[in-house]
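Q: Quick one: the structure is below, questions incoming.
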Amino acid sequence: MASDEARDGVELTNLDQPLFDGAEATKRDLVDYLDAVRDRVIPALRDRPLSVVRVRQGQAPFMQKNIPKYAPAWIRTVPLWAETSRRQVSYALCDDRRTLLWFANQRAVEYHPTLVRAGQWEHQTHLVLDLDPPLADAFPLAVRAALLVRQALADAGLKGAVKTSGAKGLHVFVPIEPHAAMADVAAATRAVAARAERLDPVLATTAFIREDRGGKVFLDSTRSGGATVVAAYSPRVRPGVPVSFPVAWADLDRVTPADFTVHTAARLLGDGDPWAELMPEPQRLPADLIEEGHTIPVARVQAMHEGKRRARARRA
């Protein structure tokens with residue numbers, strides 16, 4: 001296949017093809033955007049095992065974890081055991097421009113790095129809460145929930161940064177010192193979510209089972225350990241190709257997710273890197289937060305047991 005052009009030694013092909021149905025963007029738009037923000041997005045990806053969501057023409061989007069055999073030898077990789085598939089997976093590390101360009105040429109639209117860095121598997125770098133509003137047009141509810149989380153963090157002596165998820169909600173990131181055990185980070189995340197829920201239980205919920213949320217914003221505290229979260233500045237496979245974009249706390253009620261797309265985000269950034277600029281320094285997790293979190297059941301495990309209980313009740 002003939003290339004349309006080459007950048008940094010990477011052959012780029014079919015740049016004028018539509019990216020996907022409803023994207024209102026071409027593959028060139030994706031490549032140009034990622035190249036324009038490379039100095040901002042690569043620091044969010046560097047040294048972190050990477051999963052991507054790709055969109056091939058005529059196919060449904062799919063998440064790719066294992067780097068394909070045809071990938072260039074110069075892409076750094078790291079092997080990890082995948083418990084769910086019971087196999088060794090070779091994850092890419094997107095550390096430089098040409099790796100990012102290669103992924104863009106593969107029609108990788110979304111970039112989901114882990115919360116741990118390669119070689120530092122026991123040290124999660126951030127505590128993360130994913131705020132999921134009940135409806136696509138309920139972003140103002142997510143904003144209100146984010147302010148609850150901010151208050152819960154402040155009450156614990158912590159600070160975080162916030163970004164749009166690029167879908168319908170928000171992500172709150174709290175950088176943490178590397179000495180915390182993974183189980184303690186997970187516990188602290190559950191405790192922050194529980195404290196935020198208690199501030200306004202009419203608005204927010206930690207209920208993992210969707211039917212139990214009652215139209216509230218779900219405070220998802222399960223992003224820990226080997227979990228991934230879409231990176232700041234990553235596009236999303238959504239109509240208009242929105243981008244996960246950092247927002248100052250004071251500006252949250254002035255924006256919508258649709259404000260930030262592959263067509264607008266690079267211009268809005270200018271020469272800045274708000275994700276780096278707004279991110280606090282790493283913080284020590286308070287002992288009482290960790291202690292409280294260890295008394296809260298793990299949401300996925302609790303939901304699994306509850307699902308089985310309900311299934312037995314229906315059969316009875």
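FYI, nothing fancy with the structure tokens labels: chains A, B, ... in order, residues from 1 per chain, ligands from 1 as they appear.
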Within 9 Å of segment 144-167 of chain A, which residues of segment 35-136 of chain A show up? Give each one with its shortest atom-to-atom distance in Å (one decimal) and the two atoms involved, counting only C-alpha atoms, rows by chain then rising residue number, as a tab-separated table.
A:
```
residue	atom	partner	partner_atom	distance
A:Leu127	CA	A:Gly160	CA	8.9
A:Leu129	CA	A:Val149	CA	8.4
A:Asp130	CA	A:Ser165	CA	8.2
A:Leu131	CA	A:Ala146	CA	7.1
A:Pro133	CA	A:Ala145	CA	8.8
A:Ala136	CA	A:Ala167	CA	8.0
```
Q: Can I get the selected residues back with all heavy atoms, as a compact mmCIF listing (two decimals), in the first residue's frame?
A:
```txt
# COMPACT_ATOMS: atom_id res chain seq x y z
N LEU A 127 -4.48 7.99 42.58
CA LEU A 127 -5.80 7.54 43.01
C LEU A 127 -6.79 8.15 42.02
O LEU A 127 -6.71 9.35 41.73
CB LEU A 127 -6.07 8.02 44.44
CG LEU A 127 -7.39 7.72 45.14
CD1 LEU A 127 -7.20 7.80 46.65
CD2 LEU A 127 -8.49 8.68 44.73
N LEU A 129 -10.89 8.49 40.52
CA LEU A 129 -12.34 8.28 40.57
C LEU A 129 -12.93 8.64 39.22
O LEU A 129 -12.64 9.70 38.66
CB LEU A 129 -12.97 9.13 41.68
CG LEU A 129 -12.80 8.57 43.09
CD1 LEU A 129 -13.14 9.63 44.13
CD2 LEU A 129 -13.68 7.34 43.29
N ASP A 130 -13.77 7.75 38.72
CA ASP A 130 -14.45 7.93 37.44
C ASP A 130 -15.91 8.28 37.74
O ASP A 130 -16.62 7.49 38.37
CB ASP A 130 -14.35 6.63 36.64
CG ASP A 130 -15.01 6.71 35.28
OD1 ASP A 130 -15.53 7.78 34.92
OD2 ASP A 130 -15.02 5.68 34.58
N LEU A 131 -16.33 9.46 37.33
CA LEU A 131 -17.68 9.95 37.65
C LEU A 131 -18.56 9.78 36.43
O LEU A 131 -18.38 10.44 35.41
CB LEU A 131 -17.62 11.41 38.08
CG LEU A 131 -16.52 11.74 39.12
CD1 LEU A 131 -16.61 13.19 39.53
CD2 LEU A 131 -16.62 10.83 40.32
N PRO A 133 -22.25 9.99 34.93
CA PRO A 133 -23.63 10.44 35.09
C PRO A 133 -24.61 9.46 34.45
O PRO A 133 -24.22 8.65 33.60
CB PRO A 133 -23.64 11.80 34.36
CG PRO A 133 -22.56 11.68 33.34
CD PRO A 133 -21.50 10.80 33.96
N ALA A 136 -26.40 10.62 28.87
CA ALA A 136 -25.38 11.29 28.06
C ALA A 136 -25.44 12.80 28.18
O ALA A 136 -24.43 13.48 28.03
CB ALA A 136 -25.52 10.86 26.60
```
Q: Would you please extract all strand (DSSP E or B) residues from segment 120-170 of chain A, as assigned by DSSP on the backbone, and give them as number ranges by chain?
A: A: 126-132, 161-164, 170
Q: Filtering to N, CA and C atoms, could you give me those residues as a PDB file, in the first residue's frame?
A:
```pdb
ATOM      1  N   HIS A 126      -1.479   7.227  40.836  1.00  0.00           N
ATOM      2  CA  HIS A 126      -2.602   8.118  41.110  1.00  0.00           C
ATOM      3  C   HIS A 126      -3.767   7.335  41.710  1.00  0.00           C
ATOM      4  N   LEU A 127      -4.483   7.993  42.582  1.00  0.00           N
ATOM      5  CA  LEU A 127      -5.798   7.538  43.013  1.00  0.00           C
ATOM      6  C   LEU A 127      -6.787   8.151  42.019  1.00  0.00           C
ATOM      7  N   VAL A 128      -7.701   7.350  41.478  1.00  0.00           N
ATOM      8  CA  VAL A 128      -8.585   7.824  40.409  1.00  0.00           C
ATOM      9  C   VAL A 128     -10.036   7.500  40.727  1.00  0.00           C
ATOM     10  N   LEU A 129     -10.891   8.487  40.518  1.00  0.00           N
ATOM     11  CA  LEU A 129     -12.338   8.283  40.574  1.00  0.00           C
ATOM     12  C   LEU A 129     -12.932   8.644  39.224  1.00  0.00           C
ATOM     13  N   ASP A 130     -13.770   7.752  38.720  1.00  0.00           N
ATOM     14  CA  ASP A 130     -14.451   7.934  37.437  1.00  0.00           C
ATOM     15  C   ASP A 130     -15.909   8.283  37.741  1.00  0.00           C
ATOM     16  N   LEU A 131     -16.333   9.462  37.335  1.00  0.00           N
ATOM     17  CA  LEU A 131     -17.676   9.945  37.649  1.00  0.00           C
ATOM     18  C   LEU A 131     -18.560   9.778  36.432  1.00  0.00           C
ATOM     19  N   ASP A 132     -19.546   8.879  36.563  1.00  0.00           N
ATOM     20  CA  ASP A 132     -20.370   8.473  35.429  1.00  0.00           C
ATOM     21  C   ASP A 132     -21.809   8.935  35.637  1.00  0.00           C
ATOM     22  N   ALA A 161      -6.703  16.734  40.408  1.00  0.00           N
ATOM     23  CA  ALA A 161      -6.959  17.423  39.150  1.00  0.00           C
ATOM     24  C   ALA A 161      -8.099  16.703  38.445  1.00  0.00           C
ATOM     25  N   VAL A 162      -8.812  17.420  37.587  1.00  0.00           N
ATOM     26  CA  VAL A 162      -9.989  16.856  36.942  1.00  0.00           C
ATOM     27  C   VAL A 162      -9.894  17.044  35.432  1.00  0.00           C
ATOM     28  N   LYS A 163     -10.439  16.076  34.702  1.00  0.00           N
ATOM     29  CA  LYS A 163     -10.508  16.170  33.249  1.00  0.00           C
ATOM     30  C   LYS A 163     -11.805  15.552  32.763  1.00  0.00           C
ATOM     31  N   THR A 164     -12.263  15.992  31.609  1.00  0.00           N
ATOM     32  CA  THR A 164     -13.394  15.308  31.004  1.00  0.00           C
ATOM     33  C   THR A 164     -12.938  13.909  30.606  1.00  0.00           C
ATOM     34  N   LEU A 170     -16.511  12.577  34.033  1.00  0.00           N
ATOM     35  CA  LEU A 170     -15.277  13.233  34.461  1.00  0.00           C
ATOM     36  C   LEU A 170     -14.375  12.231  35.179  1.00  0.00           C
TER      37      LEU A 170
END
```
Q: Please list as a PyMOL selection string every residue within 12 Å of Ala73 of chain A, counting only C-alpha atoms and excluding residues in the same chain fewer than 5 positions away.
A: chain A and resi 67-68+92+99+102
Q: Go ahead and save the residues from that selection, with all heavy atoms, as an mmCIF file, in the first residue's frame.
A:
```cif
data_model
loop_
_atom_site.group_PDB
_atom_site.id
_atom_site.type_symbol
_atom_site.label_atom_id
_atom_site.label_comp_id
_atom_site.auth_asym_id
_atom_site.auth_seq_id
_atom_site.Cartn_x
_atom_site.Cartn_y
_atom_site.Cartn_z
ATOM 1 N N ILE A 67 0.394 -6.240 21.436
ATOM 2 C CA ILE A 67 0.877 -5.547 20.242
ATOM 3 C C ILE A 67 0.999 -6.563 19.104
ATOM 4 O O ILE A 67 1.455 -7.693 19.300
ATOM 5 C CB ILE A 67 2.219 -4.843 20.518
ATOM 6 C CG1 ILE A 67 2.539 -3.872 19.390
ATOM 7 C CG2 ILE A 67 3.345 -5.841 20.742
ATOM 8 C CD1 ILE A 67 3.625 -2.876 19.724
ATOM 9 N N PRO A 68 0.542 -6.218 17.892
ATOM 10 C CA PRO A 68 0.566 -7.193 16.788
ATOM 11 C C PRO A 68 1.982 -7.574 16.372
ATOM 12 O O PRO A 68 2.938 -6.822 16.573
ATOM 13 C CB PRO A 68 -0.168 -6.456 15.662
ATOM 14 C CG PRO A 68 -0.100 -5.013 16.012
ATOM 15 C CD PRO A 68 -0.073 -4.938 17.502
ATOM 16 N N ALA A 92 2.601 -2.523 24.458
ATOM 17 C CA ALA A 92 3.473 -1.471 23.947
ATOM 18 C C ALA A 92 3.667 -0.398 25.002
ATOM 19 O O ALA A 92 2.815 -0.184 25.872
ATOM 20 C CB ALA A 92 2.870 -0.851 22.694
ATOM 21 N N THR A 99 6.355 6.181 17.789
ATOM 22 C CA THR A 99 5.422 5.155 18.283
ATOM 23 C C THR A 99 3.998 5.677 18.258
ATOM 24 O O THR A 99 3.069 4.973 17.835
ATOM 25 C CB THR A 99 5.811 4.718 19.707
ATOM 26 O OG1 THR A 99 7.144 4.218 19.705
ATOM 27 C CG2 THR A 99 4.869 3.634 20.221
ATOM 28 N N TRP A 102 2.847 5.732 14.713
ATOM 29 C CA TRP A 102 2.552 4.378 14.225
ATOM 30 C C TRP A 102 1.172 3.930 14.703
ATOM 31 O O TRP A 102 0.387 3.392 13.922
ATOM 32 C CB TRP A 102 3.630 3.403 14.702
ATOM 33 C CG TRP A 102 3.408 2.023 14.147
ATOM 34 C CD1 TRP A 102 3.792 1.555 12.929
ATOM 35 C CD2 TRP A 102 2.705 0.950 14.799
ATOM 36 N NE1 TRP A 102 3.376 0.252 12.774
ATOM 37 C CE2 TRP A 102 2.710 -0.136 13.903
ATOM 38 C CE3 TRP A 102 2.083 0.813 16.030
ATOM 39 C CZ2 TRP A 102 2.110 -1.358 14.212
ATOM 40 C CZ3 TRP A 102 1.484 -0.404 16.345
ATOM 41 C CH2 TRP A 102 1.499 -1.473 15.452
#
```
Q: Can you measure atom CA of Phe20 of chain A to atom CA of His112 of chain A for me? One decimal in Å is fine.
A: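 Rounded to one decimal, the two atoms are 19.2 Å apart.
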Q: Can you check which residues of segment 122-256 of chain A DSSP gives as alpha helix (DSSP H) on the backbone and send them as a VMD selection string?
A: chain A and resid 139 to 155 182 to 199
Q: Leaving out segment 250-255 of chain A and any residue of its chain fewer than 2 positions from it, which residues lie within 8 Å of it when counting only C-alpha atoms, given as a ChimeraX atom specification?
A: /A:140,143,247-248,257,259
Q: A:Ile42, A:Ala187, A:Ala227, A:Ala23: which is nearest Trp121 of chain A, counting only C-alpha atoms?
A: A:Ala227
Q: Restricting the calculation to only C-alpha atoms: of A:Ala82, A:Ala44, A:Leu219, A:Val52, which residue gets closest to Arg195 of chain A?
A: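 Distance minimum relative to Arg195 of chain A lands on A:Leu219.
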Q: I'd like the contact shell of Ile290 of chain A - 8 Å cut-off, only C-alpha atoms, skipping same-chain residues fewer than 5 positions apart - returned as a list of chain:residue names.
A: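 In the requested format, the answer is A:Asp184, A:Val185, A:Ala187, A:Ala188, A:Ala191, A:Leu285.
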Q: Which distance in Å separates atom CA of Ala193 of chain A and atom CA of Val174 of chain A, to one decimal?
A: 12.7 Å
